[in-house]
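Colleague: Input file: structure14.cif. Contents: mmCIF, C-alpha atoms.
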data_data
loop_
_atom_site.label_atom_id
_atom_site.label_comp_id
_atom_site.auth_asym_id
_atom_site.auth_seq_id
_atom_site.Cartn_x
_atom_site.Cartn_y
_atom_site.Cartn_z
CA MET A 412 -148.43 8.85 152.36
CA ASN A 413 -149.84 9.60 148.93
CA LYS A 414 -147.66 12.30 147.34
CA LYS A 415 -150.64 14.43 146.28
CA ILE A 416 -152.08 14.40 149.82
CA PHE A 417 -148.65 15.25 151.19
CA HIS A 418 -148.37 18.31 148.97
CA ILE A 419 -151.86 19.49 149.97
CA LEU A 420 -151.00 19.22 153.67
CA LEU A 421 -147.69 20.92 153.04
CA PHE A 422 -149.40 23.79 151.24
CA VAL A 423 -151.81 24.35 154.15
CA MET A 424 -148.96 24.44 156.63
CA MET A 425 -147.02 26.86 154.47
CA ILE A 426 -149.91 29.31 154.36
CA SER A 427 -150.37 29.21 158.14
CA LEU A 428 -146.72 29.98 158.80
CA PHE A 429 -146.17 32.64 156.13
CA VAL A 430 -143.35 30.57 154.69
CA SER A 431 -144.33 31.37 151.14
CA CYS A 432 -143.30 35.01 151.67
CA THR A 433 -146.91 35.93 150.90
CA LYS A 434 -149.63 36.79 153.40
CA LYS A 435 -152.92 35.60 151.91
CA VAL A 436 -156.31 37.20 152.41
CA ASP A 437 -159.10 34.83 153.43
CA ASN A 438 -162.10 35.04 151.08
CA GLN A 439 -160.79 38.28 149.61
CA GLU A 440 -159.45 38.98 146.14
CA GLN A 441 -156.08 40.71 145.95
CA PRO A 442 -156.69 44.27 144.74
CA LYS A 443 -155.15 45.72 141.62
CA LEU A 444 -152.30 48.15 142.01
CA GLU A 445 -151.44 50.21 138.97
CA LEU A 446 -148.10 52.00 139.12
CA LYS A 447 -147.84 53.75 135.79
CA THR A 448 -144.19 54.68 135.96
CA ASP A 449 -142.92 51.41 137.43
CA VAL A 450 -141.94 48.28 135.56
CA TYR A 451 -140.84 44.76 136.37
CA SER A 452 -138.87 41.91 134.83
CA ASN A 453 -138.49 38.18 135.43
CA LEU A 454 -134.90 38.35 134.15
CA LEU A 455 -135.18 36.17 131.06
CA ASP A 456 -133.50 38.38 128.47
CA GLU A 457 -129.88 39.54 128.33
CA ASP A 458 -130.61 43.27 128.54
CA SER A 459 -132.62 43.12 131.77
CA ARG A 460 -130.12 40.69 133.29
CA ALA A 461 -127.19 42.94 132.43
CA TYR A 462 -129.01 45.95 133.86
CA VAL A 463 -129.73 44.22 137.19
CA LYS A 464 -126.32 42.56 137.35
CA LYS A 465 -124.58 45.91 136.93
CA ALA A 466 -126.71 47.49 139.64
CA LEU A 467 -126.07 44.63 142.09
CA GLU A 468 -122.32 44.63 141.58
CA LYS A 469 -122.10 48.43 141.71
CA ALA A 470 -123.94 48.28 145.05
CA GLY A 471 -121.12 46.15 146.45
CA ILE A 472 -122.55 42.64 146.15
CA PRO A 473 -119.72 40.20 145.26
CA ALA A 474 -119.73 38.92 141.67
CA ASN A 475 -119.88 35.27 142.76
CA ASP A 476 -123.03 35.94 144.84
CA VAL A 477 -124.58 37.72 141.86
CA GLU A 478 -123.78 34.72 139.64
CA THR A 479 -125.28 32.36 142.21
CA PHE A 480 -128.45 34.47 142.22
CA PHE A 481 -128.80 34.33 138.44
CA GLY A 482 -128.18 30.59 138.54
CA GLN A 483 -131.15 30.25 140.89
CA VAL A 484 -133.26 32.47 138.62
CA ASP A 485 -132.39 30.32 135.60
CA TYR A 486 -133.13 27.08 137.44
CA PHE A 487 -136.57 28.32 138.43
CA ASN A 488 -137.43 29.73 135.02
CA ARG A 489 -136.42 26.49 133.29
CA SER A 490 -138.37 24.36 135.76
CA ILE A 491 -141.64 26.12 134.96
CA ASN A 492 -140.91 26.27 131.22
CA GLU A 493 -140.94 30.09 131.47
CA TYR A 494 -144.73 29.92 131.99
CA GLY A 495 -146.36 33.31 132.65
CA LEU A 496 -143.08 35.23 132.74
CA VAL A 497 -142.13 38.52 131.07
CA LYS A 498 -140.10 37.29 128.12
CA ASN A 499 -138.28 40.50 127.15
CA GLY A 500 -137.20 43.52 129.12
CA PHE A 501 -139.39 45.21 131.71
CA LYS A 502 -143.17 45.12 131.60
CA GLU A 503 -145.02 48.36 132.27
CA LYS A 504 -147.80 48.76 134.83
CA LEU A 505 -146.94 46.44 137.67
CA LYS A 506 -150.04 44.75 139.08
CA ILE A 507 -150.64 43.16 142.45
CA GLU A 508 -152.39 40.13 141.00
CA ALA A 509 -150.26 37.67 139.06
CA ASP A 510 -150.36 37.37 135.27
CA TYR A 511 -150.26 33.60 135.69
CA ASP A 512 -152.09 30.78 137.41
CA PRO A 513 -150.00 30.08 140.54
CA TYR A 514 -151.43 26.56 140.83
CA LYS A 515 -150.35 25.70 137.29
CA MET A 516 -146.94 27.18 138.04
CA GLN A 517 -146.71 25.02 141.16
CA ASP A 518 -147.67 21.90 139.17
CA LEU A 519 -144.96 22.64 136.61
CA TRP A 520 -142.43 23.12 139.40
CA ASP A 521 -143.44 19.96 141.29
CA ALA A 522 -143.21 17.82 138.15
CA LYS A 523 -139.49 18.55 137.92
CA ASN A 524 -138.72 19.09 141.61
CA PRO A 525 -140.74 16.57 143.65
CA GLU A 526 -138.47 16.82 146.72
CA PHE A 527 -137.46 20.49 146.48
CA MET A 528 -139.90 23.30 147.29
CA GLY A 529 -137.73 26.01 145.77
CA TYR A 530 -136.18 29.10 147.35
CA ASN A 531 -138.25 31.88 148.88
CA CYS A 532 -137.83 35.59 149.58
CA ARG A 533 -135.72 35.10 152.72
CA ILE A 534 -133.32 32.61 151.16
CA THR A 535 -132.93 34.75 148.04
CA SER A 536 -132.29 37.98 149.93
CA TYR A 537 -129.81 36.35 152.30
CA SER A 538 -128.01 34.72 149.36
CA LEU A 539 -127.38 38.16 147.89
CA LEU A 540 -126.53 40.05 151.09
CA LYS A 541 -124.91 37.44 153.33
CA SER A 542 -121.44 38.94 152.83
CA GLN A 543 -122.81 42.39 153.71
CA ILE A 544 -124.38 41.41 157.05
CA ASP A 545 -122.29 40.62 160.13
CA ILE A 546 -123.87 38.45 162.81
CA GLY A 547 -121.76 38.14 165.94
CA GLU A 548 -124.00 36.01 168.17
CA PHE A 549 -126.02 33.15 166.71
CA GLU A 550 -129.55 32.35 167.88
CA LYS A 551 -129.53 29.12 169.90
CA GLU A 552 -133.27 28.38 169.80
CA ASN A 553 -134.77 26.81 166.69
CA SER A 554 -137.94 28.25 165.20
CA ASP A 555 -140.69 26.12 163.65
CA ILE A 556 -141.52 29.12 161.46
CA LEU A 557 -138.35 28.56 159.43
CA ILE A 558 -138.78 24.79 159.02
CA PHE A 559 -139.63 24.99 155.32
CA ASP A 560 -136.86 27.50 154.62
CA GLU A 561 -134.35 25.12 156.14
CA ASN A 562 -135.83 22.18 154.23
CA SER A 563 -135.27 24.05 150.96
CA ILE A 564 -131.74 25.02 151.92
CA LYS A 565 -131.00 21.36 152.67
CA ASN A 566 -132.70 19.83 149.62
CA GLY A 567 -131.81 22.34 146.92
CA PRO A 568 -129.74 21.34 143.86
CA ASP A 569 -126.68 23.16 145.22
CA SER A 570 -125.10 23.77 148.59
CA ILE A 571 -125.70 27.52 148.89
CA PHE A 572 -124.73 28.28 152.51
CA SER A 573 -121.89 27.26 154.83
CA LYS A 574 -122.73 26.12 158.38
CA ASN A 575 -122.00 29.59 159.75
CA GLU A 576 -124.18 31.14 157.06
CA ILE A 577 -127.06 28.81 157.94
CA ASP A 578 -126.68 29.85 161.59
CA GLY A 579 -126.68 33.47 160.45
CA PHE A 580 -129.83 32.91 158.40
CA ARG A 581 -131.63 31.37 161.40
CA THR A 582 -130.59 34.31 163.56
CA LEU A 583 -131.51 37.09 161.13
CA PHE A 584 -134.98 35.71 160.37
CA HIS A 585 -135.78 34.35 163.81
CA PRO A 586 -139.11 35.68 165.22
CA VAL A 587 -138.72 38.52 167.70
CA ASN A 588 -140.73 38.54 170.92
CA THR A 589 -142.84 41.66 171.30
CA ASP A 590 -145.59 43.26 173.36
CA ALA A 591 -149.36 43.32 172.90
CA THR A 592 -149.47 46.94 171.83
CA MET A 593 -150.37 49.07 168.81
CA ASP A 594 -147.35 51.30 169.43
CA LEU A 595 -144.98 50.99 166.48
CA GLU A 596 -142.08 52.43 168.45
CA VAL A 597 -142.27 49.54 170.92
CA HIS A 598 -142.05 46.98 168.12
CA LEU A 599 -139.19 48.80 166.40
CA LYS A 600 -137.29 48.87 169.69
CA ASN A 601 -137.82 45.12 170.18
CA VAL A 602 -136.43 44.35 166.71
CA LYS A 603 -133.47 46.67 167.19
CA ASP A 604 -132.75 45.28 170.66
CA TYR A 605 -132.82 41.70 169.34
CA TRP A 606 -130.47 42.57 166.46
CA LYS A 607 -128.19 44.49 168.83
CA ASN A 608 -128.13 41.52 171.18
CA LYS A 609 -127.13 39.28 168.27
CA LYS A 610 -124.58 41.86 167.09
CA ILE A 611 -126.22 42.11 163.68
CA THR A 612 -124.75 44.94 161.60
CA PHE A 613 -125.31 45.94 157.98
CA LYS A 614 -122.06 46.86 156.26
CA THR A 615 -123.36 47.84 152.85
CA LYS A 616 -124.14 51.45 151.95
CA ASP A 617 -125.84 51.00 148.58
CA ALA A 618 -127.59 47.61 148.87
CA SER A 619 -130.33 47.35 151.48
CA LEU A 620 -132.37 44.59 153.07
CA ILE A 621 -136.05 45.60 152.88
CA SER A 622 -137.97 43.62 155.50
CA VAL A 623 -141.76 43.57 155.91
CA PHE A 624 -142.48 42.71 159.54
CA PHE A 625 -145.79 41.18 160.59
CA HIS A 626 -147.09 41.42 164.15
CA GLU A 627 -148.62 38.11 165.17
CA GLU A 628 -151.19 37.76 167.94
CA GLN A 629 -149.08 34.99 169.46
CA GLY A 630 -146.73 37.75 170.64
CA TYR A 631 -143.94 37.94 168.10
CA LEU A 632 -142.76 39.84 165.04
CA PHE A 633 -141.77 37.96 161.91
CA ILE A 634 -140.28 38.93 158.54
CA GLY A 635 -143.06 37.71 156.26
CA HIS A 636 -141.59 39.19 153.10
CA VAL A 637 -138.17 40.57 152.24
CA GLY A 638 -136.18 41.75 149.25
CA VAL A 639 -133.01 43.55 148.23
CA LEU A 640 -132.97 47.21 147.20
CA VAL A 641 -130.24 48.77 145.04
CA PRO A 642 -129.99 52.02 143.06
CA ASP A 643 -129.69 52.02 139.28
CA VAL A 644 -127.66 54.34 137.05
CA ASP A 645 -130.70 56.50 136.20
CA GLY A 646 -131.51 57.51 139.76
CA ASN A 647 -134.31 54.98 140.20
CA ILE A 648 -134.29 52.10 142.68
CA ILE A 649 -134.58 48.38 141.92
CA PHE A 650 -136.34 46.00 144.29
CA ILE A 651 -135.34 42.35 143.78
CA GLU A 652 -137.60 39.70 145.27
CA LYS A 653 -138.64 36.06 145.05
CA VAL A 654 -142.43 36.16 145.27
CA ALA A 655 -142.86 32.71 146.90
CA PHE A 656 -141.30 29.25 147.00
CA GLN A 657 -142.87 28.19 143.70
CA GLU A 658 -143.49 31.64 142.23
CA PRO A 659 -141.07 33.79 140.24
CA TYR A 660 -138.15 36.10 140.76
CA GLN A 661 -138.90 39.76 140.03
CA ALA A 662 -136.81 42.88 139.59
CA ILE A 663 -139.05 45.94 139.97
CA ARG A 664 -137.99 49.50 139.18
CA PHE A 665 -139.49 52.26 141.34
CA ARG A 666 -139.01 56.02 141.31
CA ASP A 667 -138.46 56.21 145.07
CA ARG A 668 -139.14 54.57 148.42
CA ASN A 669 -142.61 56.10 148.61
CA ASP A 670 -143.62 54.02 145.58
CA LEU A 671 -141.91 50.94 147.04
CA ASN A 672 -143.85 51.46 150.26
CA ASP A 673 -147.13 51.67 148.31
CA TYR A 674 -146.38 48.43 146.48
CA LEU A 675 -145.49 46.48 149.62
CA MET A 676 -148.25 47.87 151.82
CA LYS A 677 -150.99 47.43 149.24
CA LYS A 678 -149.86 43.86 148.77
CA TYR A 679 -149.21 42.80 152.36
CA ASN A 680 -151.31 45.00 154.63
CA ASN A 681 -154.13 42.58 155.32
CA SER A 682 -154.72 43.57 158.94
CA TRP A 683 -158.34 44.60 159.38
CA GLY A 684 -159.31 45.39 162.94
CA GLN A 685 -157.03 42.89 164.68
CA LYS A 686 -155.29 43.74 167.94
CA THR A 687 -152.00 43.91 166.08
CA ILE A 688 -150.34 46.74 164.20
CA PRO A 689 -150.23 46.75 160.38
CA PRO A 690 -147.05 45.46 158.74
CA PHE A 691 -144.09 47.82 158.98
CA ILE A 692 -141.10 48.06 156.67
CA MET A 693 -137.48 48.27 157.74
CA GLU A 694 -134.51 49.14 155.55
CA ASN A 695 -131.60 47.35 157.15
CA ASP A 696 -131.95 48.23 160.85
CA GLU A 697 -134.13 51.36 160.57
CA LEU A 698 -137.73 52.10 159.64
CA MET A 699 -137.74 52.67 155.88
CA GLU A 700 -137.88 56.29 154.77
CA GLY A 701 -141.28 56.94 153.23
CA TYR A 702 -143.01 54.23 155.30
CA LYS A 703 -146.68 54.88 155.86
CA VAL A 704 -149.66 52.65 156.46
CA ILE A 705 -151.77 52.00 153.38
CA SER A 706 -154.76 49.68 153.40
CA ASN A 707 -155.34 47.36 150.45
CA GLN A 708 -159.09 47.33 151.08
#
Would you mind writing the file out in structure tokens?
Modeller:
Amino acid sequence: MNKKIFHILLFVMMISLFVSCTKKVDNQEQPKLELKTDVYSNLLDEDSRAYVKKALEKAGIPANDVETFFGQVDYFNRSINEYGLVKNGFKEKLKIEADYDPYKMQDLWDAKNPEFMGYNCRITSYSLLKSQIDIGEFEKENSDILIFDENSIKNGPDSIFSKNEIDGFRTLFHPVNTDATMDLEVHLKNVKDYWKNKKITFKTKDASLISVFFHEEQGYLFIGHVGVLVPDVDGNIIFIEKVAFQEPYQAIRFRDRNDLNDYLMKKYNNSWGQKTIPPFIMENDELMEGYKVISNQ
């Protein structure tokens, strides 16, 4: 098959399965979101890297996992020739829409990585927190939804997970069967029951897994976007995310979880009148404090 055609087909499949960690809006422009007190970095300069590294390690993430994370950041930033990234420090006024052309960024990535799609939000978050999450019972059923995640894990430049860690990844991000209801409590119970059944426990106190769950009409819940939350020394919180397979790493500083909720909901709440609930946000195994539904319309 012609490589260009292959990549087009691959892109279409990625969108349909949410594997890019981004839920797109058909025929709609992403709205602007101005957060005047919040700032973000793509971790190119030494000061921002040191700031995030200190916060990650203070939150209990092992130094070798932090180093692996920064190695992945560097690999991505080099592959796209640092195109469209914040070159120094943290940029003020975080916006929903990108400051770069994502198609140009993808072309730059593909030119240097023809067989490797890159890592996404789920792989990045699990890489950082895998030592902080215990999974006692692995999921036995495979999920087509994670096919591209597993392809990236297999074809990346480094071996990032052991066999048990791969099984843990499949279990943690496996879709959860749910009911055809608009009752949030029912969906929360289904997620908690699944995690309890798999003996999934979060050991960390200061580093959190922030999961944005989408309710699909096919009858399941799925983590469509996810990141890692840690406190900083100034009393703020830092949200660390990989935007998409071939889009950048970001460290975003928020004042509190209310602002984090606004950022995530304005970006990912694209549910307009469907028979499904809007996305909901969990911090580890509980509904995130400050969660509220915000429309991006």
Colleague: Env of A:Asp521: 10 Å cut, atoms = all atoms listed in the file, seq-sep filter 6 positions within chain, self excluded. Answer as a compact mmCIF listing (two decimals) with C-alpha atoms, in the coordinates of the input.
Modeller:
# COMPACT_ATOMS: atom_id res chain seq x y z
CA HIS A 418 -148.37 18.31 148.97
CA SER A 490 -138.37 24.36 135.76
CA ILE A 491 -141.64 26.12 134.96
CA LYS A 515 -150.35 25.70 137.29
CA PHE A 527 -137.46 20.49 146.48
CA MET A 528 -139.90 23.30 147.29
CA GLY A 529 -137.73 26.01 145.77
CA GLN A 657 -142.87 28.19 143.70
Colleague: List as an NGL selection string the protein and nucleic acid residues near A:Glu548, meaning an atom at most 10 Å away when only C-alpha atoms are counted, but skip any in the same chain fewer than 6 places from it.
Modeller: :A and (578-579 or 582 or 606-611)
Colleague: Can you write out the residues you just picked, keeping C-alpha atoms, as a compact mmCIF listing (two decimals), in the coordinates of the input?
Modeller:
# COMPACT_ATOMS: atom_id res chain seq x y z
CA ASP A 578 -126.68 29.85 161.59
CA GLY A 579 -126.68 33.47 160.45
CA THR A 582 -130.59 34.31 163.56
CA TRP A 606 -130.47 42.57 166.46
CA LYS A 607 -128.19 44.49 168.83
CA ASN A 608 -128.13 41.52 171.18
CA LYS A 609 -127.13 39.28 168.27
CA LYS A 610 -124.58 41.86 167.09
CA ILE A 611 -126.22 42.11 163.68
Colleague: Run the PyMOL selection byres ((chain A and resi 634) around 12) against the file shown and list the residues it catches, as a PyMOL selection string.
Modeller: chain A and resi 428-434+532-534+536+556-557+581-587+602+620-627+631-633+635-638+679+690-693
Colleague: With all atoms listed in the file as the basis for distance, which of A:Glu493, A:Asn531, A:Gln517, A:Gln483 is at the shortest distance from A:Pro568?
Modeller: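 Between A:Glu493, A:Asn531, A:Gln517, A:Gln483, the residue approaching A:Pro568 most closely is A:Gln483.
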Colleague: Report, in Å with one decimal, the straight-line distance from atom CA of A:Asn647 to atom CA of A:Arg489.
Modeller: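 It comes out at 29.4 Å.
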Colleague: Find the spatial neighbours of stretch 659-673 of chain A, counting all atoms listed in the file, within a cut-off of 6 Å - ignore same-chain residues fewer than 2 positions away - and output them as a PDB file with C-alpha atoms, in the coordinates of the input.
Modeller:
ATOM      1  CA  ASP A 449    -142.920  51.410 137.430  1.00  0.00           C
ATOM      2  CA  VAL A 450    -141.940  48.280 135.560  1.00  0.00           C
ATOM      3  CA  TYR A 451    -140.840  44.760 136.370  1.00  0.00           C
ATOM      4  CA  SER A 452    -138.870  41.910 134.830  1.00  0.00           C
ATOM      5  CA  ASN A 453    -138.490  38.180 135.430  1.00  0.00           C
ATOM      6  CA  ASN A 647    -134.310  54.980 140.200  1.00  0.00           C
ATOM      7  CA  ILE A 648    -134.290  52.100 142.680  1.00  0.00           C
ATOM      8  CA  ILE A 649    -134.580  48.380 141.920  1.00  0.00           C
ATOM      9  CA  PHE A 650    -136.340  46.000 144.290  1.00  0.00           C
ATOM     10  CA  ILE A 651    -135.340  42.350 143.780  1.00  0.00           C
ATOM     11  CA  GLU A 652    -137.600  39.700 145.270  1.00  0.00           C
ATOM     12  CA  LYS A 653    -138.640  36.060 145.050  1.00  0.00           C
ATOM     13  CA  VAL A 654    -142.430  36.160 145.270  1.00  0.00           C
ATOM     14  CA  LEU A 675    -145.490  46.480 149.620  1.00  0.00           C
ATOM     15  CA  MET A 676    -148.250  47.870 151.820  1.00  0.00           C
ATOM     16  CA  LYS A 677    -150.990  47.430 149.240  1.00  0.00           C
ATOM     17  CA  GLY A 701    -141.280  56.940 153.230  1.00  0.00           C
ATOM     18  CA  TYR A 702    -143.010  54.230 155.300  1.00  0.00           C
TER      19      TYR A 702
END
Colleague: Take stretch 637-659 of chain A, model N, CA and C atoms, and hand the result over as a short mmCIF file (atom, residue, chain, number, x, y, z; two decimals), keeping the file's coordinate frame.
Modeller:
data_model
loop_
_atom_site.label_atom_id
_atom_site.label_comp_id
_atom_site.auth_asym_id
_atom_site.auth_seq_id
_atom_site.Cartn_x
_atom_site.Cartn_y
_atom_site.Cartn_z
N VAL A 637 -139.44 39.84 152.22
CA VAL A 637 -138.17 40.57 152.24
C VAL A 637 -137.59 40.59 150.84
N GLY A 638 -136.85 41.64 150.54
CA GLY A 638 -136.18 41.75 149.25
C GLY A 638 -134.94 42.60 149.38
N VAL A 639 -134.25 42.78 148.27
CA VAL A 639 -133.01 43.55 148.23
C VAL A 639 -133.24 44.80 147.38
N LEU A 640 -132.80 45.94 147.90
CA LEU A 640 -132.97 47.21 147.20
C LEU A 640 -131.62 47.78 146.81
N VAL A 641 -131.47 48.14 145.53
CA VAL A 641 -130.24 48.77 145.04
C VAL A 641 -130.61 49.93 144.12
N PRO A 642 -129.74 50.94 144.02
CA PRO A 642 -129.99 52.02 143.06
C PRO A 642 -129.58 51.59 141.66
N ASP A 643 -130.15 52.25 140.64
CA ASP A 643 -129.69 52.02 139.28
C ASP A 643 -128.98 53.28 138.77
N VAL A 644 -128.47 53.24 137.57
CA VAL A 644 -127.66 54.34 137.05
C VAL A 644 -128.51 55.55 136.69
N ASP A 645 -129.82 55.40 136.61
CA ASP A 645 -130.70 56.50 136.20
C ASP A 645 -131.35 57.21 137.37
N GLY A 646 -130.94 56.85 138.60
CA GLY A 646 -131.51 57.51 139.76
C GLY A 646 -132.77 56.86 140.29
N ASN A 647 -133.19 55.75 139.68
CA ASN A 647 -134.31 54.98 140.20
C ASN A 647 -133.80 53.98 141.23
N ILE A 648 -134.69 53.18 141.79
CA ILE A 648 -134.29 52.10 142.68
C ILE A 648 -134.87 50.79 142.14
N ILE A 649 -134.17 49.69 142.39
CA ILE A 649 -134.58 48.38 141.92
C ILE A 649 -134.81 47.49 143.13
N PHE A 650 -136.01 46.93 143.22
CA PHE A 650 -136.34 46.00 144.29
C PHE A 650 -136.34 44.59 143.71
N ILE A 651 -135.51 43.71 144.29
CA ILE A 651 -135.34 42.35 143.78
C ILE A 651 -135.94 41.40 144.80
N GLU A 652 -136.88 40.57 144.35
CA GLU A 652 -137.60 39.70 145.27
C GLU A 652 -137.89 38.35 144.62
N LYS A 653 -138.07 37.34 145.46
CA LYS A 653 -138.64 36.06 145.05
C LYS A 653 -140.04 36.05 145.64
N VAL A 654 -141.06 35.97 144.80
CA VAL A 654 -142.43 36.16 145.27
C VAL A 654 -142.82 35.09 146.29
N ALA A 655 -142.52 33.82 146.01
CA ALA A 655 -142.86 32.71 146.90
C ALA A 655 -142.02 31.51 146.50
N PHE A 656 -142.10 30.44 147.28
CA PHE A 656 -141.30 29.25 147.00
C PHE A 656 -141.42 28.82 145.54
N GLN A 657 -142.65 28.71 145.05
CA GLN A 657 -142.87 28.19 143.70
C GLN A 657 -143.48 29.25 142.80
N GLU A 658 -143.12 30.52 143.09
CA GLU A 658 -143.49 31.64 142.23
C GLU A 658 -142.23 32.43 141.91
N PRO A 659 -142.29 33.32 140.91
CA PRO A 659 -141.07 33.79 140.24
C PRO A 659 -140.22 34.80 140.99
#
